[in-house]
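Heads up, work_11.txt below (compact mmCIF, C-alpha atoms):
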```txt
# COMPACT_ATOMS: atom_id res chain seq x y z
CA MET N 1440 -142.58 118.10 -52.12
CA GLN N 1441 -145.80 117.01 -53.74
CA LYS N 1442 -144.25 117.32 -57.17
CA ARG N 1443 -141.21 115.33 -56.16
CA ALA N 1444 -143.30 112.35 -55.04
CA HIS N 1445 -145.26 112.59 -58.28
CA ALA N 1446 -142.08 112.51 -60.31
CA ILE N 1447 -140.79 109.40 -58.58
CA TRP N 1448 -144.03 107.65 -59.43
CA VAL N 1449 -143.54 108.37 -63.15
CA ILE N 1450 -140.01 106.95 -63.09
CA PHE N 1451 -141.13 103.82 -61.27
CA PHE N 1452 -143.96 103.34 -63.72
CA SER N 1453 -141.69 103.62 -66.75
CA PHE N 1454 -139.42 100.97 -65.24
CA PHE N 1455 -142.41 98.78 -64.49
CA VAL N 1456 -143.46 98.88 -68.13
CA ALA N 1457 -139.88 98.18 -69.21
CA TYR N 1458 -139.77 95.09 -66.97
CA LEU N 1459 -143.06 93.93 -68.43
CA LEU N 1460 -141.74 94.26 -71.97
CA ALA N 1461 -138.54 92.50 -70.93
CA ILE N 1462 -140.28 89.34 -69.72
CA VAL N 1463 -143.29 89.04 -72.03
CA PRO N 1464 -142.73 85.77 -73.90
CA PHE N 1465 -141.73 86.09 -77.55
CA PRO N 1466 -141.77 83.41 -80.23
CA GLU N 1467 -138.49 81.52 -80.21
CA TRP N 1468 -137.08 83.02 -83.41
CA ALA N 1469 -137.67 86.54 -82.09
CA MET N 1470 -135.95 86.01 -78.75
CA ASN N 1471 -132.62 87.34 -79.96
CA TYR N 1472 -134.21 90.47 -81.42
CA ARG N 1473 -136.02 91.59 -78.28
CA PRO N 1474 -134.95 95.20 -77.57
CA GLU N 1475 -133.28 95.73 -74.21
CA TRP N 1476 -136.00 97.83 -72.62
CA VAL N 1477 -134.66 98.18 -69.10
CA PRO N 1478 -131.17 99.39 -70.12
CA MET N 1479 -132.74 101.86 -72.57
CA VAL N 1480 -135.13 103.32 -70.00
CA LEU N 1481 -132.25 103.53 -67.54
CA ILE N 1482 -130.07 105.33 -70.09
CA TYR N 1483 -132.85 107.81 -70.74
CA TRP N 1484 -133.45 108.66 -67.10
CA VAL N 1485 -129.74 108.84 -66.27
CA MET N 1486 -129.23 111.10 -69.26
CA ALA N 1487 -132.20 113.32 -68.47
CA LEU N 1488 -131.89 113.45 -64.69
CA PRO N 1489 -128.29 112.62 -63.77
CA HIS N 1490 -128.75 114.23 -60.35
CA ARG N 1491 -131.66 111.91 -59.50
CA LEU N 1492 -130.73 108.54 -60.97
CA GLY N 1493 -127.26 107.15 -60.88
CA ILE N 1494 -125.25 104.08 -60.11
CA GLY N 1495 -127.30 103.15 -57.03
CA SER N 1496 -130.60 103.10 -58.86
CA ALA N 1497 -128.97 101.18 -61.72
CA TRP N 1498 -127.92 98.55 -59.18
CA CYS N 1499 -131.45 98.22 -57.79
CA ALA N 1500 -132.97 98.07 -61.29
CA GLY N 1501 -130.48 95.36 -62.24
CA LEU N 1502 -131.22 93.28 -59.15
CA LEU N 1503 -134.94 93.32 -59.91
CA LEU N 1504 -134.25 92.32 -63.51
CA ASP N 1505 -132.13 89.41 -62.24
CA ILE N 1506 -134.97 88.16 -60.10
CA LEU N 1507 -137.43 88.51 -62.95
CA GLU N 1508 -135.27 86.67 -65.44
CA GLY N 1509 -134.19 84.10 -62.88
CA SER N 1510 -130.53 84.74 -63.66
CA THR N 1511 -127.70 84.80 -61.13
CA LEU N 1512 -128.23 87.62 -58.67
CA GLY N 1513 -126.05 90.58 -59.64
CA LEU N 1514 -125.53 89.70 -63.27
CA ASN N 1515 -127.70 92.45 -64.72
CA ALA N 1516 -126.95 94.64 -61.72
CA ILE N 1517 -123.22 94.85 -62.43
CA SER N 1518 -123.69 95.40 -66.16
CA LEU N 1519 -126.33 98.10 -65.60
CA VAL N 1520 -124.04 99.81 -63.09
CA ILE N 1521 -121.28 99.98 -65.70
CA LEU N 1522 -123.82 101.20 -68.24
CA ALA N 1523 -125.02 103.92 -65.86
CA TYR N 1524 -121.44 104.99 -65.18
CA VAL N 1525 -120.67 105.37 -68.88
CA THR N 1526 -123.93 107.23 -69.45
CA LEU N 1527 -123.23 109.55 -66.53
CA SER N 1528 -119.86 110.46 -67.96
CA LEU N 1529 -121.33 111.00 -71.43
CA HIS N 1530 -124.71 112.56 -70.65
CA GLN N 1531 -123.84 116.15 -71.50
CA ARG N 1532 -122.46 115.15 -74.86
CA MET N 1533 -125.40 112.81 -75.53
CA ARG N 1534 -127.92 115.61 -75.07
CA MET N 1535 -126.25 117.54 -77.89
CA PHE N 1536 -126.32 114.61 -80.31
CA THR N 1537 -128.74 114.26 -83.20
CA SER N 1538 -131.10 111.33 -82.92
CA LEU N 1539 -129.04 109.33 -85.42
CA GLN N 1540 -125.89 109.86 -83.39
CA GLN N 1541 -127.78 108.95 -80.24
CA SER N 1542 -128.96 105.73 -81.85
CA GLY N 1543 -125.40 104.88 -82.75
CA LEU N 1544 -124.32 105.44 -79.18
CA ILE N 1545 -127.23 103.36 -77.88
CA PHE N 1546 -126.13 100.57 -80.18
CA VAL N 1547 -122.68 100.65 -78.59
CA LEU N 1548 -123.96 101.00 -75.01
CA VAL N 1549 -126.58 98.26 -75.25
CA GLY N 1550 -124.09 96.06 -77.08
CA LEU N 1551 -121.62 96.61 -74.25
CA ASN N 1552 -124.32 95.72 -71.75
CA LEU N 1553 -125.23 92.53 -73.62
CA MET N 1554 -121.59 91.57 -74.03
CA LEU N 1555 -120.94 92.03 -70.30
CA CYS N 1556 -123.97 89.92 -69.43
CA HIS N 1557 -122.85 87.26 -71.86
CA TRP N 1558 -119.30 87.12 -70.49
CA LEU N 1559 -120.56 86.90 -66.94
CA GLN N 1560 -123.00 84.14 -67.91
CA ILE N 1561 -120.18 82.17 -69.48
CA VAL N 1562 -117.97 82.67 -66.42
CA THR N 1563 -120.75 81.45 -64.11
CA GLY N 1564 -121.54 78.54 -66.42
CA GLN N 1565 -125.10 79.57 -67.13
CA THR N 1566 -124.92 79.48 -70.87
CA ILE N 1567 -123.13 77.64 -73.63
CA ASN N 1568 -124.28 79.97 -76.34
CA VAL N 1569 -121.34 80.68 -78.63
CA SER N 1570 -123.09 82.49 -81.45
CA LEU N 1571 -123.14 86.26 -81.36
CA LEU N 1572 -126.70 86.48 -82.60
CA PHE N 1573 -127.80 87.89 -79.26
CA LEU N 1574 -126.09 91.15 -80.23
CA MET N 1575 -128.96 91.71 -82.69
CA ALA N 1576 -130.86 93.02 -79.67
CA ALA N 1577 -128.51 96.01 -79.67
CA LEU N 1578 -129.51 96.77 -83.26
CA THR N 1579 -133.24 96.59 -82.54
CA SER N 1580 -132.69 98.74 -79.46
CA ALA N 1581 -130.91 101.35 -81.57
CA ILE N 1582 -133.74 101.32 -84.10
CA ILE N 1583 -136.36 101.78 -81.41
CA TRP N 1584 -134.41 104.39 -79.45
CA PRO N 1585 -135.54 107.60 -81.28
CA SER N 1586 -139.23 106.85 -80.72
CA LEU N 1587 -138.65 105.70 -77.14
CA PHE N 1588 -136.66 108.87 -76.51
CA GLN N 1589 -139.47 111.07 -77.85
CA LEU N 1590 -142.07 109.17 -75.83
CA LEU N 1591 -140.16 109.36 -72.57
CA ARG N 1592 -139.38 113.04 -73.16
CA GLN N 1593 -143.07 113.77 -73.69
CA ILE N 1594 -143.92 111.88 -70.52
CA ARG N 1595 -141.21 113.66 -68.57
CA ARG N 1596 -142.35 117.08 -69.75
CA SER N 1597 -146.05 116.50 -69.26
CA PHE N 1598 -145.57 115.17 -65.74
CA ASP N 1599 -142.90 117.77 -65.08
CA VAL N 1600 -140.37 115.32 -63.73
CA HIS N 1601 -137.16 116.98 -62.65
CA MET R 356 -122.83 87.30 -57.86
CA PHE R 357 -120.33 84.51 -57.22
CA ALA R 358 -121.78 84.13 -53.75
CA ASP R 359 -125.09 83.43 -55.40
CA SER R 360 -123.89 80.98 -57.98
CA ARG R 361 -121.44 79.11 -55.78
CA PHE R 362 -122.96 79.16 -52.31
CA GLY R 363 -126.56 80.13 -51.85
CA TYR R 364 -126.38 82.58 -48.98
CA LEU R 365 -128.50 84.87 -51.09
CA GLU R 366 -131.46 82.60 -51.48
CA LYS R 367 -133.25 84.48 -48.69
CA ILE R 368 -132.69 87.76 -50.51
CA ARG R 369 -133.93 86.33 -53.78
CA PHE R 370 -136.96 85.03 -51.97
CA GLY R 371 -137.70 88.45 -50.46
CA LEU R 372 -137.26 90.25 -53.75
CA GLY R 373 -139.61 87.70 -55.26
CA TYR R 374 -142.45 89.52 -53.52
CA ALA R 375 -141.55 92.72 -55.37
CA THR R 376 -141.49 91.02 -58.76
CA ALA R 377 -144.75 89.09 -58.47
CA PRO R 378 -146.95 91.96 -59.79
CA VAL R 379 -144.86 92.23 -62.95
CA TYR R 380 -145.50 88.58 -63.81
CA TRP R 381 -149.13 89.02 -62.98
CA VAL R 382 -149.52 91.93 -65.38
CA ALA R 383 -147.42 90.22 -68.06
CA ASP R 384 -149.82 87.28 -67.93
CA VAL R 385 -152.96 89.42 -68.33
CA PRO R 386 -153.19 89.23 -72.17
CA THR R 387 -153.12 85.42 -72.12
CA ARG R 388 -155.73 85.23 -69.41
CA VAL R 389 -157.96 87.73 -71.20
CA SER R 390 -157.78 85.74 -74.43
CA LEU R 391 -158.55 82.51 -72.57
CA TRP R 392 -161.48 84.23 -70.90
CA ILE R 393 -162.77 85.48 -74.24
CA ASP R 394 -162.48 81.95 -75.61
CA ASP R 395 -164.52 80.73 -72.68
CA VAL R 396 -167.23 83.35 -72.96
CA PHE R 397 -167.73 83.63 -76.71
CA VAL R 398 -168.04 80.00 -77.57
CA SER R 399 -171.12 78.91 -79.43
CA HIS R 400 -173.77 76.55 -78.15
CA THR R 401 -173.22 73.91 -80.82
CA ASP R 402 -169.51 73.98 -80.18
CA LEU R 403 -170.19 73.31 -76.54
CA LEU R 404 -172.50 70.43 -77.33
CA GLN R 405 -170.00 68.91 -79.72
CA GLU R 406 -167.22 69.28 -77.20
CA ASN R 407 -169.42 67.74 -74.51
CA GLU R 408 -170.11 64.73 -76.67
CA LEU R 409 -166.46 64.33 -77.53
CA LEU R 410 -165.49 64.55 -73.87
CA ARG R 411 -168.05 61.91 -72.96
CA GLU R 412 -166.59 59.57 -75.54
CA GLN R 413 -163.11 60.24 -74.28
CA LEU R 414 -164.24 59.64 -70.73
CA LEU R 415 -165.64 56.26 -71.68
CA ILE R 416 -162.48 55.30 -73.46
CA SER R 417 -160.40 56.50 -70.54
CA GLN R 418 -162.51 54.57 -68.07
CA ARG R 419 -162.02 51.43 -70.06
CA GLU R 420 -158.29 52.05 -70.12
CA LEU R 421 -158.35 52.78 -66.43
CA GLN R 422 -159.98 49.46 -65.68
CA PHE R 423 -157.40 47.76 -67.78
CA MET R 424 -154.70 49.71 -65.91
CA GLU R 425 -156.13 48.68 -62.56
CA SER R 426 -155.90 45.04 -63.40
CA LEU R 427 -152.35 45.61 -64.55
CA THR R 428 -151.54 47.54 -61.38
CA SER R 429 -152.87 44.83 -59.13
CA GLU R 430 -151.02 42.21 -61.08
CA ASN R 431 -147.90 44.31 -60.94
CA SER R 432 -148.14 44.83 -57.18
CA ARG R 433 -148.65 41.09 -56.68
CA LEU R 434 -145.50 40.46 -58.65
CA LEU R 435 -143.65 43.11 -56.69
CA GLU R 436 -144.84 41.61 -53.42
CA LEU R 437 -143.25 38.42 -54.50
CA ARG R 438 -139.99 40.29 -54.67
CA GLU R 439 -140.69 41.89 -51.27
CA ALA R 440 -140.52 45.30 -52.83
CA THR R 441 -142.98 48.08 -52.48
CA GLU R 442 -144.29 49.99 -55.41
CA ALA R 443 -143.50 53.66 -55.29
CA ILE R 444 -146.90 55.30 -55.23
CA SER R 445 -147.03 58.55 -57.08
CA GLY R 446 -147.75 61.37 -54.67
CA GLU R 447 -150.33 64.09 -54.60
CA VAL R 448 -150.27 66.52 -57.50
CA LEU R 449 -150.79 70.26 -57.49
CA PRO R 450 -152.24 71.76 -60.66
CA ALA R 451 -150.29 74.78 -61.88
CA GLU R 452 -150.01 77.01 -64.91
CA ILE R 453 -146.98 78.10 -66.87
CA ILE R 454 -146.97 81.89 -66.84
CA ASN R 455 -143.63 82.76 -68.35
CA ILE R 456 -140.54 81.35 -70.02
CA SER R 457 -136.90 82.25 -69.67
CA PRO R 458 -135.86 85.17 -71.91
CA ASP R 459 -132.58 83.42 -72.80
CA PRO R 460 -133.29 80.94 -75.62
CA TYR R 461 -130.45 78.70 -74.45
CA SER R 462 -131.76 78.36 -70.93
CA LYS R 463 -134.89 76.26 -71.02
CA ARG R 464 -136.71 77.25 -67.89
CA VAL R 465 -140.33 78.13 -67.30
CA LEU R 466 -142.08 79.98 -64.53
CA ILE R 467 -145.14 78.44 -62.90
CA ASN R 468 -147.77 80.23 -60.86
CA LYS R 469 -147.28 78.18 -57.70
CA GLY R 470 -144.59 78.94 -55.14
CA ALA R 471 -143.53 78.44 -51.55
CA ASN R 472 -146.97 79.58 -50.36
CA ASP R 473 -148.52 76.59 -52.12
CA GLY R 474 -146.06 74.09 -50.72
CA VAL R 475 -143.68 73.87 -53.66
CA VAL R 476 -140.07 73.04 -52.81
CA THR R 477 -137.04 72.64 -55.04
CA GLY R 478 -136.62 69.23 -56.62
CA GLN R 479 -140.28 68.46 -57.17
CA ALA R 480 -141.15 67.03 -60.55
CA LEU R 481 -143.35 68.84 -63.05
CA LEU R 482 -145.62 66.89 -65.39
CA ASP R 483 -148.13 67.64 -68.05
CA ALA R 484 -150.78 65.32 -69.40
CA ASN R 485 -148.32 63.54 -71.69
CA GLY R 486 -145.12 63.21 -69.76
CA LEU R 487 -142.45 64.57 -67.52
CA MET R 488 -141.42 68.19 -68.05
CA GLY R 489 -138.78 69.06 -65.51
CA GLN R 490 -138.03 69.82 -61.91
CA VAL R 491 -138.50 72.84 -59.68
CA ASP R 492 -135.24 74.74 -59.63
CA GLU R 493 -135.92 77.87 -57.64
CA VAL R 494 -138.86 78.73 -55.42
CA LEU R 495 -140.17 82.28 -55.01
CA PRO R 496 -143.11 83.20 -52.74
CA SER R 497 -145.90 82.77 -55.27
CA THR R 498 -144.04 81.57 -58.37
CA SER R 499 -141.25 79.11 -59.09
CA TRP R 500 -138.75 78.46 -61.86
CA VAL R 501 -138.74 75.00 -63.35
CA LEU R 502 -135.72 73.57 -65.14
CA LEU R 503 -137.02 71.66 -68.15
CA VAL R 504 -135.65 68.27 -69.14
CA THR R 505 -134.45 69.87 -72.38
CA ASP R 506 -132.10 72.33 -70.63
CA PHE R 507 -128.44 71.44 -71.11
CA HIS R 508 -127.87 71.64 -67.35
CA HIS R 509 -130.37 68.87 -66.88
CA VAL R 510 -129.45 65.21 -66.94
CA MET R 511 -131.82 62.48 -65.87
CA PRO R 512 -131.61 58.70 -65.75
CA VAL R 513 -134.06 57.00 -68.08
CA GLU R 514 -134.72 53.50 -69.32
CA VAL R 515 -136.20 52.16 -72.51
CA ASN R 516 -139.69 50.94 -71.78
CA ARG R 517 -139.43 48.05 -74.22
CA ASN R 518 -136.43 46.30 -72.74
CA GLY R 519 -135.19 48.21 -69.68
CA GLU R 520 -131.96 49.47 -71.25
CA ARG R 521 -130.71 52.34 -69.08
CA ALA R 522 -129.25 55.62 -70.24
CA LEU R 523 -128.70 59.23 -69.24
CA ALA R 524 -130.81 61.83 -71.00
CA ARG R 525 -129.25 65.26 -71.24
CA GLY R 526 -130.95 68.34 -72.57
CA SER R 527 -129.86 69.48 -75.98
CA ARG R 528 -126.96 71.93 -76.21
CA THR R 529 -128.73 73.78 -79.00
CA THR R 530 -131.93 75.77 -78.89
CA ALA R 531 -133.85 72.70 -80.11
CA SER R 532 -136.28 71.16 -77.68
CA GLU R 533 -134.62 67.74 -77.68
CA LEU R 534 -132.87 65.27 -75.42
CA GLU R 535 -129.59 63.50 -76.13
CA LEU R 536 -128.83 60.12 -74.63
CA GLU R 537 -125.28 60.05 -73.34
CA PHE R 538 -122.86 57.13 -73.20
CA VAL R 539 -125.00 54.72 -75.20
CA THR R 540 -122.75 51.99 -76.55
CA GLN R 541 -123.03 50.83 -80.14
CA THR R 542 -124.44 47.48 -79.09
CA GLN R 543 -127.26 48.72 -76.86
CA ASP R 544 -130.70 47.89 -78.16
CA MET R 545 -132.34 51.22 -78.90
CA LEU R 546 -134.52 52.02 -81.86
CA ALA R 547 -136.24 55.11 -83.14
CA GLY R 548 -139.75 55.16 -81.71
CA ASP R 549 -138.83 53.60 -78.37
CA LEU R 550 -140.46 55.13 -75.32
CA LEU R 551 -138.14 56.37 -72.58
CA VAL R 552 -139.45 56.37 -69.01
CA SER R 553 -137.83 57.74 -65.87
CA SER R 554 -135.93 55.02 -64.07
CA GLY R 555 -136.07 56.66 -60.65
CA MET R 556 -132.35 56.10 -60.12
CA GLY R 557 -131.44 59.72 -59.57
CA GLN R 558 -133.92 59.77 -56.66
CA VAL R 559 -135.34 63.03 -57.95
CA TYR R 560 -138.04 61.83 -60.27
CA PRO R 561 -140.63 59.20 -59.51
CA LYS R 562 -140.26 55.96 -61.41
CA ASN R 563 -141.90 55.00 -64.69
CA TYR R 564 -143.15 58.36 -65.88
CA PRO R 565 -142.99 58.67 -69.65
CA VAL R 566 -140.28 61.16 -70.62
CA ALA R 567 -139.45 61.05 -74.30
CA GLU R 568 -139.54 59.13 -77.51
CA ILE R 569 -136.37 58.26 -79.43
CA ILE R 570 -136.36 60.00 -82.80
CA SER R 571 -133.01 58.96 -84.20
CA VAL R 572 -130.20 56.52 -83.45
CA TYR R 573 -126.92 57.04 -85.27
CA ALA R 574 -124.18 54.51 -84.67
CA ASP R 575 -120.89 55.55 -86.25
CA PRO R 576 -118.48 52.58 -86.07
CA GLY R 577 -115.57 54.99 -85.59
CA GLN R 578 -116.99 56.51 -82.43
CA ASP R 579 -117.18 55.10 -78.92
CA PHE R 580 -120.84 55.89 -78.40
CA ALA R 581 -123.94 56.05 -80.50
CA VAL R 582 -125.68 59.39 -80.99
CA VAL R 583 -129.27 59.00 -79.81
CA LYS R 584 -131.74 61.85 -79.92
CA ALA R 585 -135.13 61.91 -78.29
CA ARG R 586 -138.12 64.21 -78.33
CA PRO R 587 -139.82 64.97 -75.01
CA LEU R 588 -143.40 63.73 -74.79
CA ALA R 589 -144.56 66.67 -72.70
CA GLN R 590 -145.94 69.50 -74.82
CA ILE R 591 -143.20 71.81 -73.61
CA ALA R 592 -143.79 74.58 -76.11
CA SER R 593 -147.56 74.60 -76.19
CA THR R 594 -149.07 73.50 -72.92
CA ARG R 595 -150.12 75.84 -70.16
CA HIS R 596 -151.62 73.44 -67.64
CA VAL R 597 -149.14 71.36 -65.70
CA MET R 598 -148.93 69.42 -62.45
CA VAL R 599 -146.37 69.61 -59.67
CA VAL R 600 -145.84 66.29 -57.91
CA LEU R 601 -146.00 67.12 -54.21
CA GLU R 602 -144.02 64.68 -52.16
CA ASN R 603 -144.53 63.26 -48.72
CA GLU R 604 -142.42 64.94 -46.08
CA THR R 605 -138.97 63.53 -46.71
CA ALA R 606 -135.99 65.49 -45.51
CA PRO R 607 -134.44 67.05 -48.57
CA ILE R 608 -131.01 65.69 -49.28
CA GLN R 609 -128.48 68.49 -49.07
CA VAL R 610 -126.62 69.35 -52.20
CA ASN R 611 -124.09 72.07 -52.54
CA SER R 612 -125.35 74.33 -55.25
CA ILE R 613 -128.61 75.95 -56.17
CA ARG R 614 -128.34 74.45 -59.62
CA ASP R 615 -128.86 71.08 -57.94
CA PRO R 616 -132.37 70.87 -56.60
CA ALA R 617 -132.57 68.64 -53.54
CA ALA R 618 -133.84 65.18 -54.16
CA THR R 619 -137.06 64.21 -52.49
CA GLY R 620 -138.70 61.37 -54.29
CA PRO R 621 -140.72 58.36 -53.34
CA ASP R 622 -137.56 56.51 -54.22
CA ALA R 623 -135.68 58.40 -51.54
CA ASP R 624 -138.07 56.90 -49.00
CA GLU R 625 -137.65 53.55 -50.47
CA PHE R 626 -133.92 53.34 -50.76
CA LEU R 627 -132.38 55.39 -47.99
CA PRO R 628 -133.36 53.50 -44.85
CA LEU R 629 -132.42 50.14 -46.30
CA PRO R 630 -128.62 50.33 -46.39
CA VAL R 631 -128.49 51.82 -42.89
CA ALA R 632 -130.31 48.78 -41.59
CA GLN R 633 -127.70 46.65 -43.19
CA GLY R 634 -125.05 48.55 -41.30
CA GLN R 635 -123.36 50.13 -44.27
CA VAL R 636 -122.12 53.66 -44.43
CA ILE R 637 -124.05 55.22 -47.23
CA ARG R 638 -123.32 58.61 -48.65
CA ARG R 639 -125.38 59.75 -51.50
CA ALA R 640 -123.16 59.42 -54.51
CA PRO R 641 -123.36 62.25 -57.02
CA THR R 642 -126.22 61.22 -59.20
CA PRO R 643 -126.62 62.28 -62.77
CA ASP R 644 -129.19 64.83 -61.69
CA ASP R 645 -126.50 66.76 -59.85
CA GLN R 646 -125.04 68.18 -63.00
```
Could you spell out this file's structure in structure tokens?
Amino acid sequence: MQKRAHAIWVIFFSFFVAYLLAIVPFPEWAMNYRPEWVPMVLIYWVMALPHRLGIGSAWCAGLLLDILEGSTLGLNAISLVILAYVTLSLHQRMRMFTSLQQSGLIFVLVGLNLMLCHWLQIVTGQTINVSLLFLMAALTSAIIWPSLFQLLRQIRRSFDVH
Amino acid sequence: MFADSRFGYLEKIRFGLGYATAPVYWVADVPTRVSLWIDDVFVSHTDLLQENELLREQLLISQRELQFMESLTSENSRLLELREATEAISGEVLPAEIINISPDPYSKRVLINKGANDGVVTGQALLDANGLMGQVDEVLPSTSWVLLVTDFHHVMPVEVNRNGERALARGSRTTASELELEFVTQTQDMLAGDLLVSSGMGQVYPKNYPVAEIISVYADPGQDFAVVKARPLAQIASTRHVMVVLENETAPIQVNSIRDPAATGPDADEFLPLPVAQGQVIRRAPTPDDQ
């Protein structure tokens, strides 16, 4: 019981740091290259602990991200839910992948997440951005993924989160 | 999601969740505050003396200007009295700090460190030392989002200070921090370098605050309207210290979307009771700020 509470704390903390990195202001030219921290952390935890984190936690994480970014409530929530669903259905295969293959998959998943957000923003009239430069964030996410994966795995093992 | 963007039932929920997100902003702001603190602590004695001297000089100059302003103000109010009009007095201001900006480069919004607990409501104007910055768009418990004048959702009525020509200033549709004047005819008298001030017509912003300076006027004879671009005077990208104009307690005018902050301006006081007294049915027409 003690261990379980401990483990939850580690997951919450990793999300907290991801939120921080998601809202820290960047210079304007770098805005489109900001890695998508929250989706990546979510993918990791769903992949590592599919019995603990799932669609419900993805929904909550998305709602908080919406509040933080000041976007329409539910925008990130719905795209993170879809992301979590895809990850849940792929997690066994993903664990077998090499880190390069994983990065490729992250590129696709984060790109899907960004695309969904973008479509929903256009539908709700929140953006008029027509360039696809924002998809560069998927590339930076894929580049960062192997190190993030190693880091989170170390954290998970040392705190014995399961 | 559509409930949120179209109606606004969820504002309560957003407000509640705002409590949960406040610590994240607080921590995200720590590096800036630490660097400011270090600047404050490790500043040399001579620097301080120099700065002190400079500030004294500036104070003198400002006082002189203030005296000049006072004479102008009294003259102005005498003139206005002649017209049986009352000057809209600018309300109390609340100093605030910008602690974050919107992660989407196309949405020009900033987060300030004052919220509902400090008496901020939607629709209040935000200023910095040089000019008007925007209006409060969404209020959270201890923070609020401000829609900048350069956001493409934002349209405000302005007039040219030199000759009173009126126009609508819309935020740029690009990532540039610029304003575009809409529906300016080819014959209107506008020149690069002209100062634009708020005209107070949208009943959101107080009158006569400096907003922007025209940087280019392009009149293509084949087009209906001239293309006029302006640069906001407020240091939108660099300033941290801003002021929220707190209003006197006017009932906010209801508008039907959260994108449209309710209008509570000194002008609202000034204009609304009048037509009723004259026995007319007045409904607030959609003003340019309701975009």
Region 1490-1498 of chain N: which residues within 10 Å, counting all atoms listed in the file, same-chain residues fewer than 5 positions away excluded, as an mmCIF file with C-alpha atoms, in the frame of the given file?
```cif
data_model
loop_
_atom_site.group_PDB
_atom_site.id
_atom_site.type_symbol
_atom_site.label_atom_id
_atom_site.label_comp_id
_atom_site.auth_asym_id
_atom_site.auth_seq_id
_atom_site.Cartn_x
_atom_site.Cartn_y
_atom_site.Cartn_z
ATOM 1 C CA ILE N 1447 -140.790 109.400 -58.580
ATOM 2 C CA ILE N 1450 -140.010 106.950 -63.090
ATOM 3 C CA VAL N 1477 -134.660 98.180 -69.100
ATOM 4 C CA PRO N 1478 -131.170 99.390 -70.120
ATOM 5 C CA LEU N 1481 -132.250 103.530 -67.540
ATOM 6 C CA ILE N 1482 -130.070 105.330 -70.090
ATOM 7 C CA TRP N 1484 -133.450 108.660 -67.100
ATOM 8 C CA VAL N 1485 -129.740 108.840 -66.270
ATOM 9 C CA LEU N 1503 -134.940 93.320 -59.910
ATOM 10 C CA LEU N 1504 -134.250 92.320 -63.510
ATOM 11 C CA GLY N 1513 -126.050 90.580 -59.640
ATOM 12 C CA ASN N 1515 -127.700 92.450 -64.720
ATOM 13 C CA ALA N 1516 -126.950 94.640 -61.720
ATOM 14 C CA ILE N 1517 -123.220 94.850 -62.430
ATOM 15 C CA SER N 1518 -123.690 95.400 -66.160
ATOM 16 C CA LEU N 1519 -126.330 98.100 -65.600
ATOM 17 C CA VAL N 1520 -124.040 99.810 -63.090
ATOM 18 C CA ILE N 1521 -121.280 99.980 -65.700
ATOM 19 C CA LEU N 1522 -123.820 101.200 -68.240
ATOM 20 C CA ALA N 1523 -125.020 103.920 -65.860
ATOM 21 C CA TYR N 1524 -121.440 104.990 -65.180
ATOM 22 C CA VAL N 1525 -120.670 105.370 -68.880
ATOM 23 C CA THR N 1526 -123.930 107.230 -69.450
ATOM 24 C CA LEU N 1527 -123.230 109.550 -66.530
ATOM 25 C CA HIS N 1601 -137.160 116.980 -62.650
#
```
Selection near Leu550 (chain R), 10 Å with all atoms listed in the file, sequence-local residues under 3 positions removed, as a PyMOL selection string | chain R and resi 513-517+545-547+565-570+585-588
Pull out every residue of chain N sitting within 6 Å of chain R, counting all atoms listed in the file, and send them as a ChimeraX atom specification.
-> /N:1459,1463,1512-1513
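Across the model, the gap from CA of Ile1561 (chain N) to CA of Ile1545 (chain N) is 23.9 Å.
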Closest to Ile1506 (chain N) among R:Gln490, R:Ser426, R:Thr498, R:Gln405, using only C-alpha atoms?
->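 Counting only C-alpha atoms, the residue closest to Ile1506 (chain N) is R:Thr498.
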For a cut-off of 8 Å around (-126.0, 57.7, -75.7), file coordinates, pick out all residues using all atoms listed in the file and list them as a list in words.
->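 Here is the list of nearby residues: Ala522, Leu523, Ala524, Glu535, Leu536, Glu537, Phe538, Val539, Thr540, Phe580, Ala581, Val582 and Val583 of chain R.
Atom pair CA of Leu449 (chain R) / CA of Asp483 (chain R): separated by 11.2 Å.
Here CA of Arg1473 (chain N) and CA of Leu1460 (chain N) stand 8.9 Å from one another.
With all atoms listed in the file as the atoms that count, the residue of N:Trp1558, N:Asn1568, N:Asp1599, N:Gly1501 with the shortest distance to Trp1448 (chain N) is N:Asp1599.
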Ile1583 (chain N): which residues within 10 Å, counting all atoms listed in the file, same-chain residues fewer than 3 positions away excluded, as a PyMOL selection string?
-> chain N and resi 1474-1476+1479+1542+1545+1577-1580+1586-1588
Padding 5 Å on each side, edges along x, y and z: where is the centre of the box around the listed atoms of region 1520-1539 of chain N, and how long are its edges in Å to one decimal? Output it as AutoDock Vina command-line options.
```
--center_x -125.5 --center_y 108.7 --center_z -74.3 --size_x 21.2 --size_y 27.7 --size_z 32.3
```
Nearest candidate to Val476 (chain R) (options R:Val510, R:Val385, R:Val599, R:Gln541; using all atoms listed in the file) =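 Comparing R:Val510, R:Val385, R:Val599, R:Gln541 against Val476 (chain R), the winner is R:Val599.
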Minimum-distance residue to Ala1461 (chain N), chosen among N:Leu1514, N:Ala1576, N:Met1486, N:Leu1539 (using only C-alpha atoms) =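 Residue with the minimum atom-to-atom distance to Ala1461 (chain N): N:Ala1576.
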